[in-house]
file coords-v6.pdb (PDB, C-alpha atoms, pLDDT in the B column)
ATOM      1  CA  MET T 131      -6.800 -10.247  -9.521  1.00 61.00           C
ATOM      2  CA  ILE T 132      -5.427 -12.738  -7.020  1.00 66.00           C
ATOM      3  CA  PRO T 133      -2.740 -11.230  -4.765  1.00 68.00           C
ATOM      4  CA  LEU T 134       0.678 -12.846  -4.528  1.00 77.00           C
ATOM      5  CA  ALA T 135       1.152 -15.161  -1.534  1.00 76.00           C
ATOM      6  CA  GLY T 136       1.813 -13.237   1.660  1.00 71.00           C
ATOM      7  CA  THR T 137       0.681  -9.873   0.281  1.00 76.00           C
ATOM      8  CA  ALA T 138      -2.378  -7.681   0.564  1.00 76.00           C
ATOM      9  CA  GLU T 139      -4.645  -6.862  -2.369  1.00 80.00           C
ATOM     10  CA  PRO T 140      -2.447  -5.045  -4.927  1.00 83.00           C
ATOM     11  CA  SER T 141      -3.307  -1.711  -6.513  1.00 88.00           C
ATOM     12  CA  PHE T 142      -2.144  -0.197  -9.785  1.00 89.00           C
ATOM     13  CA  ASP T 143       1.196   1.569  -9.459  1.00 89.00           C
ATOM     14  CA  GLU T 144       0.218   5.193 -10.037  1.00 86.00           C
ATOM     15  CA  GLU T 145       3.838   6.184 -10.712  1.00 86.00           C
ATOM     16  CA  TRP T 146       4.127   3.897 -13.753  1.00 87.00           C
ATOM     17  CA  SER T 147       3.680   5.400 -17.223  1.00 81.00           C
ATOM     18  CA  ALA T 148       2.316   3.151 -19.962  1.00 68.00           C
ATOM     19  CA  ALA T 149       4.628   4.976 -22.407  1.00 67.00           C
ATOM     20  CA  ASP T 150       7.672   3.479 -20.646  1.00 57.00           C
ATOM     21  CA  GLY T 151       7.726   0.317 -22.750  1.00 66.00           C
ATOM     22  CA  PRO T 152       8.540  -0.542 -26.347  1.00 75.00           C
ATOM     23  CA  GLU T 153       5.944  -0.926 -29.048  1.00 80.00           C
ATOM     24  CA  TYR T 154       3.940  -4.194 -29.109  1.00 85.00           C
ATOM     25  CA  THR T 155       4.372  -4.898 -25.409  1.00 89.00           C
ATOM     26  CA  THR T 156       2.176  -4.118 -22.429  1.00 89.00           C
ATOM     27  CA  ALA T 157       3.072  -3.871 -18.747  1.00 91.00           C
ATOM     28  CA  HIS T 158       0.546  -4.085 -15.916  1.00 91.00           C
ATOM     29  CA  VAL T 159       2.331  -2.768 -12.833  1.00 92.00           C
ATOM     30  CA  TYR T 160       1.088  -3.192  -9.248  1.00 91.00           C
ATOM     31  CA  SER T 161       2.236  -2.059  -5.824  1.00 88.00           C
ATOM     32  CA  GLU T 162       1.154  -3.318  -2.427  1.00 84.00           C
ATOM     33  CA  PRO T 163      -0.509  -0.386  -0.610  1.00 82.00           C
ATOM     34  CA  GLU T 164       0.375   0.747   2.896  1.00 80.00           C
ATOM     35  CA  PRO T 165       0.380  -0.613   5.549  1.00 79.00           C
ATOM     36  CA  TYR T 166       2.794  -3.231   4.193  1.00 77.00           C
ATOM     37  CA  GLY T 167       3.282  -5.421   7.204  1.00 74.00           C
ATOM     38  CA  ALA T 168       6.659  -7.159   7.412  1.00 79.00           C
ATOM     39  CA  GLU T 169       7.420  -6.813   3.677  1.00 82.00           C
ATOM     40  CA  GLN T 170       6.279  -4.697   0.715  1.00 85.00           C
ATOM     41  CA  VAL T 171       5.931  -6.380  -2.657  1.00 88.00           C
ATOM     42  CA  ARG T 172       5.679  -4.802  -6.109  1.00 91.00           C
ATOM     43  CA  HIS T 173       4.953  -6.904  -9.172  1.00 92.00           C
ATOM     44  CA  ALA T 174       4.322  -6.501 -12.874  1.00 93.00           C
ATOM     45  CA  TYR T 175       3.043  -8.612 -15.730  1.00 93.00           C
ATOM     46  CA  VAL T 176       4.819  -7.880 -19.005  1.00 92.00           C
ATOM     47  CA  LEU T 177       2.954  -9.117 -22.097  1.00 92.00           C
ATOM     48  CA  ALA T 178       4.600  -9.576 -25.501  1.00 91.00           C
ATOM     49  CA  GLY T 179       2.679 -11.672 -28.013  1.00 90.00           C
ATOM     50  CA  ASP T 180       1.984 -15.030 -26.364  1.00 92.00           C
ATOM     51  CA  THR T 181       4.662 -14.536 -23.674  1.00 92.00           C
ATOM     52  CA  VAL T 182       3.949 -13.334 -20.142  1.00 92.00           C
ATOM     53  CA  ALA T 183       6.729 -12.352 -17.735  1.00 93.00           C
ATOM     54  CA  LEU T 184       6.157 -11.864 -14.012  1.00 93.00           C
ATOM     55  CA  VAL T 185       8.526  -9.392 -12.340  1.00 94.00           C
ATOM     56  CA  VAL T 186       8.492  -9.362  -8.517  1.00 93.00           C
ATOM     57  CA  HIS T 187      10.424  -7.149  -6.093  1.00 92.00           C
ATOM     58  CA  GLY T 188      10.015  -7.549  -2.347  1.00 89.00           C
ATOM     59  CA  ARG T 189      11.751  -5.925   0.571  1.00 86.00           C
ATOM     60  CA  LYS T 190      11.392  -6.404   4.288  1.00 83.00           C
ATOM     61  CA  GLY T 191      11.134  -3.450   6.621  1.00 74.00           C
ATOM     62  CA  ALA T 192       9.170  -0.238   6.913  1.00 67.00           C
ATOM     63  CA  ALA T 193      10.941   1.399   3.953  1.00 71.00           C
ATOM     64  CA  GLY T 194       9.425  -1.007   1.452  1.00 72.00           C
ATOM     65  CA  THR T 195      10.674  -1.494  -2.087  1.00 81.00           C
ATOM     66  CA  GLU T 196      12.289   1.291  -4.047  1.00 87.00           C
ATOM     67  CA  THR T 197      10.215   2.612  -6.966  1.00 88.00           C
ATOM     68  CA  VAL T 198      13.053   3.447  -9.378  1.00 89.00           C
ATOM     69  CA  PRO T 199      14.879   0.068  -9.315  1.00 91.00           C
ATOM     70  CA  PHE T 200      11.581  -1.761  -9.733  1.00 91.00           C
ATOM     71  CA  HIS T 201      10.526   0.395 -12.688  1.00 91.00           C
ATOM     72  CA  GLN T 202      13.979  -0.042 -14.257  1.00 91.00           C
ATOM     73  CA  THR T 203      13.629  -3.816 -13.974  1.00 92.00           C
ATOM     74  CA  VAL T 204      10.203  -3.700 -15.640  1.00 92.00           C
ATOM     75  CA  VAL T 205      11.520  -1.468 -18.444  1.00 90.00           C
ATOM     76  CA  LEU T 206      14.514  -3.755 -19.073  1.00 91.00           C
ATOM     77  CA  GLN T 207      12.360  -6.889 -19.082  1.00 90.00           C
ATOM     78  CA  ASN T 208       9.940  -5.129 -21.416  1.00 90.00           C
ATOM     79  CA  GLN T 209      12.802  -4.279 -23.790  1.00 89.00           C
ATOM     80  CA  LEU T 210      14.066  -7.871 -23.751  1.00 90.00           C
ATOM     81  CA  LEU T 211      10.631  -9.175 -24.729  1.00 88.00           C
ATOM     82  CA  GLY T 212       9.870  -6.381 -27.231  1.00 79.00           C
TER
END
call {"tool": "encode", "arguments": {"input": "coords-v6.pdb", "output": "structure tokens"}}
result
Amino acid sequence: MIPLAGTAEPSFDEEWSAADGPEYTTAHVYSEPEPYGAEQVRHAYVLAGDTVALVVHGRKGAAGTETVPFHQTVVLQNQLLG
């Protein structure tokens, strides 16, 4: 996997459950591990048939991105494609 520009090597988001999406779609969810640097980035690839969606959340500062809003965005995008 090639990391997004300006980020470290991503790792699988351990808080994501594969059961969170609708049938016939797949989500591969990643989170930038600590230490983040100036910004933390989370991203996901949502696959539905021959369509791929890239969801990216980034936030500057030591707090990093919030898990719940990011997961909600992935779930909603997954539902739109499913």
call {"tool": "closest_residue", "arguments": {"input": "coords-v6.pdb", "among": "T:Tyr166, T:Phe142, T:Tyr160, T:Tyr154", "to": "Val185 of chain T", "atoms": "all atoms listed in the file"}}
result
T:Tyr160
call {"tool": "closest_residue", "arguments": {"input": "coords-v6.pdb", "among": "T:Ala178, T:Trp146, T:Gly191, T:Pro165", "to": "Gln207 of chain T", "atoms": "only C-alpha atoms"}}
result
T:Ala178
call {"tool": "atom_distance", "arguments": {"input": "coords-v6.pdb", "atom1": "atom CA of Asp180 of chain T", "atom2": "atom CA of Glu162 of chain T"}}
result
26.7 Å
call {"tool": "resolve_selection", "arguments": {"input": "coords-v6.pdb", "expression": "the PyMOL selection byres ((chain T and resi 194) around 12)", "output": "NGL selection string"}}
result
:T and (161-172 or 187-193 or 195-197 or 200)
call {"tool": "resolve_selection", "arguments": {"input": "coords-v6.pdb", "expression": "the PyMOL selection byres ((chain T and resi 210) around 12)", "output": "PyMOL selection string"}}
result
chain T and resi 151-153+155+176-178+181+183+203-209+211-212
call {"tool": "closest_residue", "arguments": {"input": "coords-v6.pdb", "among": "T:Glu139, T:His158, T:Glu144, T:His201", "to": "Val182 of chain T", "atoms": "only C-alpha atoms"}}
result
T:His158
call {"tool": "atom_distance", "arguments": {"input": "coords-v6.pdb", "atom1": "atom CA of Val159 of chain T", "atom2": "atom CA of Gln202 of chain T"}}
result
12.0 Å
call {"tool": "decode", "arguments": {"input": "coords-v6.pdb", "residues": "segment 173-186 of chain T", "atoms": "all heavy atoms", "output": "compact mmCIF listing (two decimals), in the first residue's frame"}}
result
# COMPACT_ATOMS: atom_id res chain seq x y z
N HIS T 173 -8.14 7.10 6.30
CA HIS T 173 -8.74 6.94 4.99
C HIS T 173 -9.30 5.55 4.82
O HIS T 173 -8.94 4.63 5.54
CB HIS T 173 -7.74 7.30 3.87
CG HIS T 173 -6.62 6.33 3.69
ND1 HIS T 173 -5.54 6.27 4.53
CD2 HIS T 173 -6.43 5.38 2.76
CE1 HIS T 173 -4.70 5.34 4.12
NE2 HIS T 173 -5.23 4.78 3.05
N ALA T 174 -10.24 5.44 3.88
CA ALA T 174 -10.89 4.16 3.61
C ALA T 174 -11.16 4.04 2.12
O ALA T 174 -11.42 5.03 1.45
CB ALA T 174 -12.20 4.06 4.38
N TYR T 175 -11.08 2.81 1.64
CA TYR T 175 -11.48 2.48 0.29
C TYR T 175 -12.78 1.69 0.41
O TYR T 175 -12.82 0.67 1.09
CB TYR T 175 -10.42 1.62 -0.42
CG TYR T 175 -9.10 2.32 -0.57
CD1 TYR T 175 -8.06 2.08 0.32
CD2 TYR T 175 -8.90 3.23 -1.60
CE1 TYR T 175 -6.84 2.73 0.19
CE2 TYR T 175 -7.68 3.88 -1.74
CZ TYR T 175 -6.67 3.62 -0.84
OH TYR T 175 -5.46 4.26 -0.98
N VAL T 176 -13.83 2.17 -0.23
CA VAL T 176 -15.11 1.48 -0.22
C VAL T 176 -15.31 0.90 -1.62
O VAL T 176 -15.27 1.63 -2.61
CB VAL T 176 -16.27 2.42 0.14
CG1 VAL T 176 -17.59 1.68 0.14
CG2 VAL T 176 -16.02 3.07 1.50
N LEU T 177 -15.50 -0.42 -1.70
CA LEU T 177 -15.64 -1.12 -2.97
C LEU T 177 -17.06 -1.62 -3.14
O LEU T 177 -17.61 -2.26 -2.23
CB LEU T 177 -14.69 -2.31 -3.03
CG LEU T 177 -13.23 -2.02 -2.66
CD1 LEU T 177 -12.46 -3.31 -2.45
CD2 LEU T 177 -12.59 -1.18 -3.73
N ALA T 178 -17.67 -1.32 -4.28
CA ALA T 178 -19.01 -1.79 -4.61
C ALA T 178 -19.03 -2.08 -6.10
O ALA T 178 -19.04 -1.15 -6.92
CB ALA T 178 -20.06 -0.75 -4.25
N GLY T 179 -18.98 -3.35 -6.46
CA GLY T 179 -18.92 -3.72 -7.88
C GLY T 179 -17.65 -3.19 -8.50
O GLY T 179 -16.55 -3.45 -8.02
N ASP T 180 -17.78 -2.39 -9.57
CA ASP T 180 -16.60 -1.83 -10.23
C ASP T 180 -16.34 -0.38 -9.81
O ASP T 180 -15.61 0.34 -10.47
CB ASP T 180 -16.74 -1.93 -11.75
CG ASP T 180 -17.94 -1.14 -12.29
OD1 ASP T 180 -18.75 -0.66 -11.47
OD2 ASP T 180 -18.05 -1.03 -13.51
N THR T 181 -16.93 0.03 -8.68
CA THR T 181 -16.77 1.40 -8.18
C THR T 181 -15.90 1.39 -6.92
O THR T 181 -16.09 0.57 -6.04
CB THR T 181 -18.14 2.03 -7.85
OG1 THR T 181 -18.93 2.01 -9.02
CG2 THR T 181 -17.99 3.45 -7.35
N VAL T 182 -14.97 2.33 -6.86
CA VAL T 182 -14.12 2.48 -5.68
C VAL T 182 -14.26 3.92 -5.20
O VAL T 182 -14.08 4.87 -5.97
CB VAL T 182 -12.63 2.19 -5.99
CG1 VAL T 182 -11.78 2.42 -4.75
CG2 VAL T 182 -12.45 0.80 -6.52
N ALA T 183 -14.57 4.09 -3.92
CA ALA T 183 -14.65 5.41 -3.31
C ALA T 183 -13.51 5.55 -2.32
O ALA T 183 -13.20 4.61 -1.58
CB ALA T 183 -15.98 5.60 -2.60
N LEU T 184 -12.88 6.70 -2.30
CA LEU T 184 -11.83 7.00 -1.33
C LEU T 184 -12.36 8.05 -0.37
O LEU T 184 -12.75 9.14 -0.78
CB LEU T 184 -10.57 7.53 -2.04
CG LEU T 184 -9.45 8.04 -1.14
CD1 LEU T 184 -8.93 6.93 -0.23
CD2 LEU T 184 -8.33 8.63 -1.98
N VAL T 185 -12.41 7.69 0.91
CA VAL T 185 -12.88 8.60 1.96
C VAL T 185 -11.66 9.00 2.78
O VAL T 185 -10.92 8.14 3.26
CB VAL T 185 -13.91 7.90 2.88
CG1 VAL T 185 -14.36 8.83 3.99
CG2 VAL T 185 -15.09 7.41 2.07
N VAL T 186 -11.43 10.31 2.94
CA VAL T 186 -10.27 10.81 3.67
C VAL T 186 -10.71 11.83 4.70
O VAL T 186 -11.46 12.75 4.38
CB VAL T 186 -9.24 11.46 2.72
CG1 VAL T 186 -8.03 11.97 3.50
CG2 VAL T 186 -8.81 10.50 1.64
